[in-house]
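*Asks:* Provided herewith is a single structure, encoded as structure tokens, for subsequent inquiry.
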Amino acid sequence: MADRSLEGMALPLEVRARLAELELELSEAANGAAVVRCRLQHSEGAPRRTFRSAHIGVCDVREAAARERVASTAGNRPLFYFRFGVDQALPQERRAPVTPSSASRYHRRRSSGSRDERYRSDVHTEAVQAALAKHKERKMAVPMPSKRRSLVVQTSMDAYTPPDTSSGSEDEGSVQGDSQGTPTSSQGSINMEHWISQAIHGSTTSTTSSSSTQSGGSGAAHRLADVMAQTHIENHSAPPDVTTYTSEHSIQVERPQGSTGSRTAPKYGNAELMETGDGVPVSSRVSAKIQQLVNTLKRPKRPPLREFFVDDFEELLEGKLWTRSMKVAYSILHKLGTKQEPMVRPGDRVALVFPNNDPAAFMAAFYGCLLAEVVPVPIEVPLTRKDAGSQQIGFLLGSCGVTVALTSDACHKGLPKSPTGEIPQFKGWPKLLWFVTESKHLSKPPRDWFPHIKDANNDTAYIEYKTCKDGSVLGVTVTRTALLTHCQALTQACGYTEAETIVNVLDFKKDVGLWHGILTSVMNMMHVISIPYSLMKVNPLSWIQKVCQYKAKVACVKSRDMHWALVAHRDQRDINLSSLRMLIVADGANPWSISSCDAFLNVFQSKGLRQEVICPCASSPEALTVAIRRPTDDSNQPPGRGVLSMHGLTYGVIRVDSEEKLSVLTVQDVGLVMPGAIMCSVKPDGVPQLCRTDEIGELCVCAVATGTSYYGLSGMTKNTFEVFPMTSSGAPISEYPFIRTGLLGFVGPGGLVFVVGKMDGLMVVSGRRHNADDIVATALAVEPMKFVYRGRIAVFSVTVLHDERIVIVAEQRPDSTEEDSFQWMSRVLQAIDSIHQVGVYCLALVPANTLPKTPLGGIHLSETKQLFLEGSLHPCNVLMCPHTCVTNLPKPRQKQPEIGPASVMVGNLVSGKRIAQASGRDLGQIEDNDQARKFLFLSEVLQWRAQTTPDHVLYTLLNCRGAIANSLTCVQLHKRAEKIAVMLMERGHLQDGDHVALVYPPGIDLIAAFYGCLYAGCVPITVRPPHPQNIATTLPTVKMIVEVSRSACLMTTQLICKLLRSREAAAAVDVRTWPLILDTDDLPKKRPAQICKPCNPDTLAYLDFSVSTTGMLAGVKMSHAATSAFCRSIKLQCELYPSREVAICLDPYCGLGFVLWCLCSVYSGHQSILIPPSELETNPALWLLAVSQYKVRDTFCSYSVMELCTKGLGSQTESLKARGLDLSRVRTCVVVAEERPRIALTQSFSKLFKDLGLHPRAVSTSFGCRVNLAICLQGTSGPDPTTVYVDMRALRHDRVRLVERGSPHSLPLMESGKILPGVRIIIANPETKGPLGDSHLGEIWVHSAHNASGYFTIYGDESLQSDHFNSRLSFGDTQTIWARTGYLGFLRRTELTDANGERHDALYVVGALDEAMELRGMRYHPIDIETSVIRAHKSVTEC
């Protein structure tokens, strides 16, 4: 067999020897070794070879075999091939381009942090270094960061490794074919020629701009059908190791002898020679495969790359492009659905889901859709079910009405599957029928069926998707006329000829890759070699190797591909790029691509690359190809360049500058406008008015070869595809509409087009335009680059305070330290500030490989921005500089002069408004039967009640189970107070007026100790005891209050006494400095000789100590007269009598809580049911059950208690109702607090327990402060509490503006209860101390008989004392002495009527002056900021 093969071929001796060795090995092989049979067949003098292989997958035509090609096969070689790039990184014999050692050296260099040549510019780098050097000489404009602790642990990733995700699945492969398929009918070819001819001739009559595009490729266009009929789709992939497979899986591929023998291949151009149009010799396919098999067997066994191997290679061997396209067209029209109800009709949209390493299948499916008159929608392969990018694509498919998706077999296998094996519905996608377009899944059309081919018209040919700046996906429709005209224009502009070889590195599903590699190449019968992105990751030099191997004339690349080639080229020899006549740079519109072009030319100019070969182009999905630099033969003509001032570009003007300046941008031209097109530049904002010659604007084109519309979006289509540029006078420049390209630039001398940026990358900060790519280039020019991954950096803008702010996010290398990273971040901020004169709002570094990626490996910008706004980036280093970028803050508010004394009139008016003052009922005019009024001191009231009603129960204490733990009658309290007085006088040796600290838990002992101090003439101070589980934090506060109050004695229980002297306490405070500690569990049994009676009601009764929210410890003095007046005012407001029962769930240590717990029952005689708040932690329903059990009408609680009940009992209302809980008897439920009412909490509480009988009007609030413990308290009579809505922005300026509910920036404020009897309040200006008018915001001043006497301090700050407790108005009523509460609020007269029959004055509290923050003249309250933070996310809860 081998001899017969050798007889028919003139092979060198070396090849004959290798074949002999091969035959010997195969003859001795066991277990069914692979058998290679080579037969030489002749048909009309043309040799034909068939072979059998042991499961040979994709075979590669190597350079060794290419040199041995025979000339006799030239006639069988088709002029249009579609080759698929192979992995040249695999070791081979006789191959120089890449060796394993060179590949490893390449990876090591990339791991060391190499430069990203996409943004490299020596001039710009020097400018950045000069800017940083200047910063060292002057004061830093931005703060140098200090070392911080990382928020998350960084993950490791190989340094500078491109992302692993690609649009292809693991099973993706490519196939190669060589055999001739059955010839297509002549009728089909004639119809196709007729269609192309009519399309071209018909398009010439549409507009005059199309006529010029026919000069370059008219002849090629008329033969497109014949080309498709003779086209081979050939894919090159990695060679498999055939020694790893057995012969039982062998596949025999044979062809009938008459299939091609009776037919001579067409001869186009110079194809009759032994070489192709590119000068590549043509060899026998069989000899190449035998040589490949020899080389494979010589190497040790090595598994092939899965990504480039597919075991079903027979499919493409059987058909050509025309045949497969016919099958696809017939199948989707007749094999989907039923005959009566087909799923796809002409004009419907169909999705094309193909990986980037299978151009052959995509090409057949695309042209099959065109033949079936179905609109293809090429999209990316969805990576995961919830992939963010594919979700937006799914919305596009839904709007297009797509129900069928065409895909390849390998891609279909790689899609996510459900447990049942079905492809699940992706998030946001419509329900799709997945149809595989491989040959075994297609039906052969009948002989009498041909596609309906008609003249080219304005029907949609295909839809290309576009991703917007915000992440949304739009579909750009391209008509059939525009498709053909665009191919013809590219043919003329690029000078394409038949049989040229083009290497395509771009994505063939969209943009430049689709236009050149799929469409124009077919029209011109070109040989296309496709290099997928996944192969570029493995071998970045693969595209250059293919250019050298096939002597390609054209290559379509991006700046990234040139940069990767620069990194890996050093170990390569025998690189010759002299065959290139055109190197198309697809992203040439990026101003920073000039650096990659220059660097690539400098390195490869010695390899045969010419300067005039580099042809950058500008394109957009809407306008297709906008401009492209034409290839020329004149090497002396330099390309157009301009050095522009970057500062001028931010204002939209062109200013030529010199390269010596720091902030300059060097741009290159992207050639001339496409043939038959007209271009102009309009202002990007507002009316499309023509720009002047020195202005930057958005480029607009008027041509046939453009997109038509955004599918389904008529409004956006009109704004983009139907633009009529106007002159300064308002007249349109043309009757034909222009299309916005989305590119910013200008038309320079000689008609050259210059692009300086894109509309999607534009950031307008303080009226100046900045391009995101410019910011990226400046950041990447900062050296040393050891901290972040180049190419993994995102720049975008966020809206802060009505203006855009720049945010930079980059992936940090895992081996960089925090300190070094912060130093680099600081230098980046300095460089951007110097070069761009703009501040950066935030610079964040995230762990490696964590930013969202696009299917081709880039950063998904919109998703990164969304993660930043959601707070889900989880950066490891952050540098926020809002003070350097937020420059549009309002000027500090100029406060207007206040109203003077001359404005005060007799009618209590201020500037035409009523003075904001109100008062409660007058105590002197109230007649009641209060017997306690005749006593001046509470101690006397207790003695009187012990004599008159000795067995009347005053206090009842409940435990956590709701049972009575203890109770006190009048006489029991009196006797116990006497014993405590005896102990103070005998054991403590205290004198009249000494201070005694009462450290008791909430209960009866605290009350008895308080009255015992009054009986002994001492001054009590109630102190919260330390928490046993948190002594280190709570005990120092107790010690501080004892020391500040100058207590001579400390009374407590036996348990707390041991706690104060414990070892844990000694570790927190100095226990030796405690005053005398008395244990009241062991009281004497004798009575005092006499009970002390104060000589003056104004003497000190007790001290009230508390810690404010700002951390200040303040103690106020309460006299006997103020205490009695206080109790009487509460009695009258709440109508408290001995027959009433009041439930109290408050902390009894300060403020109104202490008064209600200890004092009011003795004065009013009512029974107080005491419920310690700590007991609710174990039984949240304790308070409400007690209210229901004792049928309480009045109850008092705190916000913490109400919140505990709301959260703890939210799901137990039904069970509580079953237990008999009834709140219908509750008349008043008052929340005691010193703050603005929490409306949300009170409303939630009322709504939750409404079903248990609680009336919403029963829930109210009170208001008190340090100078007056209770100013407002909702009583039993009077109108319900009112709620108003005010403008929050006006409050910042100390103004009150009422708005409707639900208005923007509205803030609800609830009335803080009714003013207590004997209390007068007025609203005054806190700075001028002048009275304010009604509904004006000011400080609340109070005048009352139960005002505190002053602060109790060791040093006696008299200035603070007089300012807070003895203030007078600067004009008006200057005689009354007022106490300043320190709270902002306003009074508003309502239409309601109070108990006296007068109109009710409501007091609304806004917040404390000490807590408010004043920024630039505006006042902000912490509670408003906290509310905004809580509403920002559902996971944020109150602390």
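Scheme for the structure tokens: letters A, B, ... for chains in order shown; per-chain residue numbers from 1; ligand numbers from 1 in order shown.
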Step one, run DSSP on the backbone; step two, keep only residues of region 1157-1233 of chain A assigned to strand (DSSP E); then write them as a list in words.
*Replies:*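 Of region 1157-1233 of chain A, only Gln1167, Ser1168, Ile1169, Leu1170, Asp1194, Thr1195, Phe1196, Cys1197, Thr1228, Cys1229, Val1230 and Val1231 of chain A fall in strand (DSSP E).
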*Asks:* Output C-alpha atoms for every residue in the selection just made, as a PDB file, in the first residue's frame.
*Replies:*
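Heads up, here's the output in result11.pdb:
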ATOM      1  CA  GLN A1167     -51.554  52.890  92.200  1.00  0.00           C
ATOM      2  CA  SER A1168     -48.462  52.457  90.036  1.00  0.00           C
ATOM      3  CA  ILE A1169     -47.911  49.062  88.484  1.00  0.00           C
ATOM      4  CA  LEU A1170     -44.143  48.893  88.018  1.00  0.00           C
ATOM      5  CA  ASP A1194     -52.980  55.147  81.332  1.00  0.00           C
ATOM      6  CA  THR A1195     -49.562  53.661  80.650  1.00  0.00           C
ATOM      7  CA  PHE A1196     -46.057  55.007  80.046  1.00  0.00           C
ATOM      8  CA  CYS A1197     -43.178  53.380  78.179  1.00  0.00           C
ATOM      9  CA  THR A1228     -53.334  57.099  76.789  1.00  0.00           C
ATOM     10  CA  CYS A1229     -50.107  55.270  75.906  1.00  0.00           C
ATOM     11  CA  VAL A1230     -47.371  57.851  76.280  1.00  0.00           C
ATOM     12  CA  VAL A1231     -43.825  57.355  75.016  1.00  0.00           C
TER      13      VAL A1231
END
*Asks:* Find the residues near Thr1242 (chain A): any atom within 8 Å, counting only C-alpha atoms, skip ones fewer than 2 places away on the same chain, and give them as a list in words.
*Replies:*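 Final neighbour list, sorted by chain and number: Met1202, Arg1238, Ile1239, Ala1240, Ser1244, Phe1245, Ser1246, Val1259 and Ser1260 of chain A.
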*Asks:* Quick one: DSSP helix (DSSP H, G or I) residues in region 951-1003 of chain A, as a PDB file with C-alpha atoms, in the first residue's frame?
*Replies:*
ATOM      1  CA  CYS A 970     -48.757  54.046 102.251  1.00  0.00           C
ATOM      2  CA  VAL A 971     -47.913  52.989 105.752  1.00  0.00           C
ATOM      3  CA  GLN A 972     -45.400  50.336 104.636  1.00  0.00           C
ATOM      4  CA  LEU A 973     -43.538  52.909 102.579  1.00  0.00           C
ATOM      5  CA  HIS A 974     -43.638  55.366 105.454  1.00  0.00           C
ATOM      6  CA  LYS A 975     -42.259  52.909 108.033  1.00  0.00           C
ATOM      7  CA  ARG A 976     -39.556  51.628 105.720  1.00  0.00           C
ATOM      8  CA  ALA A 977     -38.472  55.187 104.910  1.00  0.00           C
ATOM      9  CA  GLU A 978     -38.188  55.882 108.649  1.00  0.00           C
ATOM     10  CA  LYS A 979     -35.872  52.909 109.155  1.00  0.00           C
ATOM     11  CA  ILE A 980     -33.649  54.018 106.269  1.00  0.00           C
ATOM     12  CA  ALA A 981     -33.485  57.516 107.768  1.00  0.00           C
ATOM     13  CA  VAL A 982     -32.355  56.058 111.067  1.00  0.00           C
ATOM     14  CA  MET A 983     -29.652  54.058 109.312  1.00  0.00           C
ATOM     15  CA  LEU A 984     -28.393  57.135 107.494  1.00  0.00           C
ATOM     16  CA  MET A 985     -28.192  59.158 110.667  1.00  0.00           C
ATOM     17  CA  GLU A 986     -26.756  56.476 112.950  1.00  0.00           C
TER      18      GLU A 986
END
*Asks:* Name the residues in contact with region 420-435 of chain A at a cut-off of 7 Å, using only C-alpha atoms, excluding same-chain residues fewer than 6 positions from it; report them as a list in words.
*Replies:*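 These residues fall inside the cut-off: Arg385, Lys386, Gln391, Gly394, Phe395, Leu397, Gly398, Thr403, Val404, Ala405, Leu406 and Thr407 of chain A.
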*Asks:* Can you write just those residues out, N, CA, C and O atoms, as a PDB file, in the first residue's frame?
*Replies:*
ATOM      1  N   ARG A 385     -26.503  31.009  33.893  1.00  0.00           N
ATOM      2  CA  ARG A 385     -27.949  31.248  33.805  1.00  0.00           C
ATOM      3  C   ARG A 385     -28.309  32.657  34.224  1.00  0.00           C
ATOM      4  O   ARG A 385     -29.283  33.226  33.750  1.00  0.00           O
ATOM      5  N   LYS A 386     -27.515  33.247  35.114  1.00  0.00           N
ATOM      6  CA  LYS A 386     -27.824  34.588  35.617  1.00  0.00           C
ATOM      7  C   LYS A 386     -26.744  35.576  35.227  1.00  0.00           C
ATOM      8  O   LYS A 386     -26.487  36.527  35.950  1.00  0.00           O
ATOM      9  N   GLN A 391     -28.268  38.794  30.357  1.00  0.00           N
ATOM     10  CA  GLN A 391     -29.632  39.176  30.737  1.00  0.00           C
ATOM     11  C   GLN A 391     -30.135  40.323  29.879  1.00  0.00           C
ATOM     12  O   GLN A 391     -31.279  40.317  29.413  1.00  0.00           O
ATOM     13  N   GLY A 394     -30.949  39.081  26.564  1.00  0.00           N
ATOM     14  CA  GLY A 394     -32.242  38.418  26.587  1.00  0.00           C
ATOM     15  C   GLY A 394     -33.395  39.389  26.409  1.00  0.00           C
ATOM     16  O   GLY A 394     -34.402  39.074  25.760  1.00  0.00           O
ATOM     17  N   PHE A 395     -33.261  40.580  26.994  1.00  0.00           N
ATOM     18  CA  PHE A 395     -34.297  41.597  26.787  1.00  0.00           C
ATOM     19  C   PHE A 395     -34.394  41.975  25.319  1.00  0.00           C
ATOM     20  O   PHE A 395     -35.488  42.207  24.791  1.00  0.00           O
ATOM     21  N   LEU A 397     -33.644  39.998  22.758  1.00  0.00           N
ATOM     22  CA  LEU A 397     -34.290  38.894  22.055  1.00  0.00           C
ATOM     23  C   LEU A 397     -35.794  38.908  22.284  1.00  0.00           C
ATOM     24  O   LEU A 397     -36.575  38.626  21.370  1.00  0.00           O
ATOM     25  N   GLY A 398     -36.200  39.241  23.493  1.00  0.00           N
ATOM     26  CA  GLY A 398     -37.636  39.312  23.758  1.00  0.00           C
ATOM     27  C   GLY A 398     -38.320  40.401  22.965  1.00  0.00           C
ATOM     28  O   GLY A 398     -39.422  40.215  22.437  1.00  0.00           O
ATOM     29  N   THR A 403     -37.801  33.361  18.896  1.00  0.00           N
ATOM     30  CA  THR A 403     -38.249  32.108  19.508  1.00  0.00           C
ATOM     31  C   THR A 403     -37.341  30.937  19.179  1.00  0.00           C
ATOM     32  O   THR A 403     -37.482  29.869  19.772  1.00  0.00           O
ATOM     33  N   VAL A 404     -36.426  31.111  18.227  1.00  0.00           N
ATOM     34  CA  VAL A 404     -35.533  30.031  17.809  1.00  0.00           C
ATOM     35  C   VAL A 404     -34.100  30.533  17.891  1.00  0.00           C
ATOM     36  O   VAL A 404     -33.809  31.675  17.507  1.00  0.00           O
ATOM     37  N   ALA A 405     -33.208  29.681  18.390  1.00  0.00           N
ATOM     38  CA  ALA A 405     -31.793  30.002  18.479  1.00  0.00           C
ATOM     39  C   ALA A 405     -31.007  28.926  17.751  1.00  0.00           C
ATOM     40  O   ALA A 405     -31.149  27.732  18.048  1.00  0.00           O
ATOM     41  N   LEU A 406     -30.193  29.340  16.774  1.00  0.00           N
ATOM     42  CA  LEU A 406     -29.329  28.421  16.048  1.00  0.00           C
ATOM     43  C   LEU A 406     -27.973  28.355  16.740  1.00  0.00           C
ATOM     44  O   LEU A 406     -27.421  29.387  17.137  1.00  0.00           O
ATOM     45  N   THR A 407     -27.431  27.165  16.871  1.00  0.00           N
ATOM     46  CA  THR A 407     -26.163  26.998  17.552  1.00  0.00           C
ATOM     47  C   THR A 407     -25.456  25.773  17.001  1.00  0.00           C
ATOM     48  O   THR A 407     -26.030  25.007  16.216  1.00  0.00           O
TER      49      THR A 407
END
*Asks:* For a quick check of understanding, using only C-alpha atoms, which of A:Gly1210, A:Pro875, A:Pro1002, A:Pro532 has the smallest distance to Ile1171 (chain A)?
*Replies:*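 Ranked by minimum distance to Ile1171 (chain A), first place goes to A:Pro1002.
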*Asks:* Near region 581-588 of chain A, counting only C-alpha atoms, which residues have an atom at most 9 Å away, once you skip same-chain residues fewer than 2 positions from it, shown as a PyMOL selection string?
*Replies:* chain A and resi 494+506+511-513+552-559+578-579+590-594+597+609-610+612-619+628-633+668-670+755
*Asks:* With N, CA and C atoms retained, export the selected residues as a compact mmCIF listing (two decimals), in the first residue's frame.
*Replies:*
# COMPACT_ATOMS: atom_id res chain seq x y z
N CYS A 494 -10.54 49.33 0.71
CA CYS A 494 -9.42 48.49 1.09
C CYS A 494 -8.70 47.88 -0.12
N LEU A 506 -10.48 39.36 15.12
CA LEU A 506 -11.62 40.01 15.76
C LEU A 506 -12.80 39.04 15.89
N ASP A 511 -19.40 43.94 14.30
CA ASP A 511 -18.46 45.01 14.01
C ASP A 511 -17.51 44.64 12.87
N VAL A 512 -16.26 45.06 13.01
CA VAL A 512 -15.28 44.92 11.93
C VAL A 512 -15.04 43.46 11.57
N GLY A 513 -15.04 42.58 12.55
CA GLY A 513 -14.83 41.17 12.26
C GLY A 513 -15.92 40.59 11.38
N ALA A 552 -0.13 36.41 4.17
CA ALA A 552 -1.39 37.13 4.12
C ALA A 552 -1.16 38.57 3.71
N LYS A 553 -2.12 39.10 3.00
CA LYS A 553 -2.07 40.48 2.55
C LYS A 553 -2.74 41.44 3.53
N VAL A 554 -3.75 40.96 4.25
CA VAL A 554 -4.54 41.82 5.13
C VAL A 554 -4.66 41.12 6.48
N ALA A 555 -4.66 41.92 7.55
CA ALA A 555 -4.89 41.41 8.90
C ALA A 555 -5.78 42.39 9.63
N CYS A 556 -6.79 41.88 10.35
CA CYS A 556 -7.70 42.70 11.15
C CYS A 556 -7.42 42.42 12.61
N VAL A 557 -6.92 43.41 13.34
CA VAL A 557 -6.51 43.24 14.72
C VAL A 557 -6.99 44.42 15.54
N LYS A 558 -6.74 44.31 16.84
CA LYS A 558 -6.95 45.42 17.77
C LYS A 558 -5.62 45.79 18.40
N SER A 559 -5.61 46.90 19.10
CA SER A 559 -4.38 47.34 19.76
C SER A 559 -3.90 46.31 20.77
N SER A 578 6.50 41.23 5.29
CA SER A 578 6.55 42.03 4.06
C SER A 578 5.36 41.78 3.16
N SER A 579 4.67 40.64 3.37
CA SER A 579 3.50 40.36 2.52
C SER A 579 2.31 41.24 2.86
N ASN A 590 -9.77 54.81 19.07
CA ASN A 590 -9.27 55.10 20.41
C ASN A 590 -8.00 55.96 20.28
N PRO A 591 -7.98 57.16 20.84
CA PRO A 591 -6.80 58.01 20.66
C PRO A 591 -5.51 57.37 21.14
N TRP A 592 -5.61 56.45 22.11
CA TRP A 592 -4.39 55.86 22.65
C TRP A 592 -3.91 54.66 21.85
N SER A 593 -4.61 54.31 20.75
CA SER A 593 -4.12 53.23 19.91
C SER A 593 -2.88 53.64 19.14
N ILE A 594 -2.60 54.93 19.03
CA ILE A 594 -1.41 55.38 18.30
C ILE A 594 -0.14 54.88 18.97
N CYS A 597 0.36 51.32 17.79
CA CYS A 597 0.77 51.31 16.39
C CYS A 597 2.25 51.70 16.25
N LEU A 609 7.74 45.01 8.00
CA LEU A 609 6.52 45.80 8.12
C LEU A 609 6.77 47.23 7.66
N ARG A 610 5.88 47.75 6.83
CA ARG A 610 6.00 49.10 6.32
C ARG A 610 5.05 50.04 7.04
N GLU A 612 3.21 52.48 5.87
CA GLU A 612 1.94 52.75 5.19
C GLU A 612 0.97 51.59 5.28
N VAL A 613 1.41 50.45 5.83
CA VAL A 613 0.54 49.28 5.95
C VAL A 613 -0.48 49.46 7.08
N ILE A 614 -0.10 50.13 8.15
CA ILE A 614 -0.97 50.29 9.31
C ILE A 614 -2.11 51.22 8.94
N CYS A 615 -3.34 50.69 9.04
CA CYS A 615 -4.54 51.42 8.62
C CYS A 615 -5.56 51.42 9.74
N PRO A 616 -5.54 52.38 10.63
CA PRO A 616 -6.59 52.46 11.66
C PRO A 616 -7.92 52.83 11.03
N CYS A 617 -8.99 52.36 11.64
CA CYS A 617 -10.32 52.67 11.15
C CYS A 617 -11.21 53.08 12.31
N ALA A 618 -12.31 53.73 11.98
CA ALA A 618 -13.31 54.15 12.97
C ALA A 618 -14.64 53.55 12.55
N SER A 619 -15.34 52.99 13.51
CA SER A 619 -16.62 52.35 13.21
C SER A 619 -17.54 52.50 14.40
N ILE A 628 -11.72 54.89 7.22
CA ILE A 628 -10.61 53.95 7.26
C ILE A 628 -9.46 54.53 6.44
N ARG A 629 -8.24 54.34 6.94
CA ARG A 629 -7.07 54.83 6.23
C ARG A 629 -6.78 53.90 5.05
N ARG A 630 -6.62 54.47 3.88
CA ARG A 630 -6.42 53.68 2.67
C ARG A 630 -4.98 53.19 2.58
N PRO A 631 -4.80 51.97 2.11
CA PRO A 631 -3.42 51.49 1.90
C PRO A 631 -2.80 52.19 0.68
N THR A 632 -1.57 52.59 0.81
CA THR A 632 -0.86 53.29 -0.27
C THR A 632 0.47 52.61 -0.50
N ASP A 633 1.06 52.90 -1.64
CA ASP A 633 2.39 52.40 -1.98
C ASP A 633 3.48 53.43 -1.74
N GLN A 668 -3.98 60.25 15.90
CA GLN A 668 -3.70 59.90 14.52
C GLN A 668 -4.99 59.90 13.73
N ASP A 669 -4.87 60.09 12.45
CA ASP A 669 -6.06 60.07 11.62
C ASP A 669 -6.52 58.65 11.40
N VAL A 670 -7.80 58.50 11.14
CA VAL A 670 -8.39 57.20 10.82
C VAL A 670 -8.77 57.16 9.34
N VAL A 755 -10.42 61.18 15.56
CA VAL A 755 -11.33 60.82 16.64
C VAL A 755 -10.59 60.99 17.96
*Asks:* To one decimal place in Å, what is the distance between CA of Phe1126 (chain A) and CA of Ile1377 (chain A)?
*Replies:*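 Interatomic distance here is 18.1 Å.
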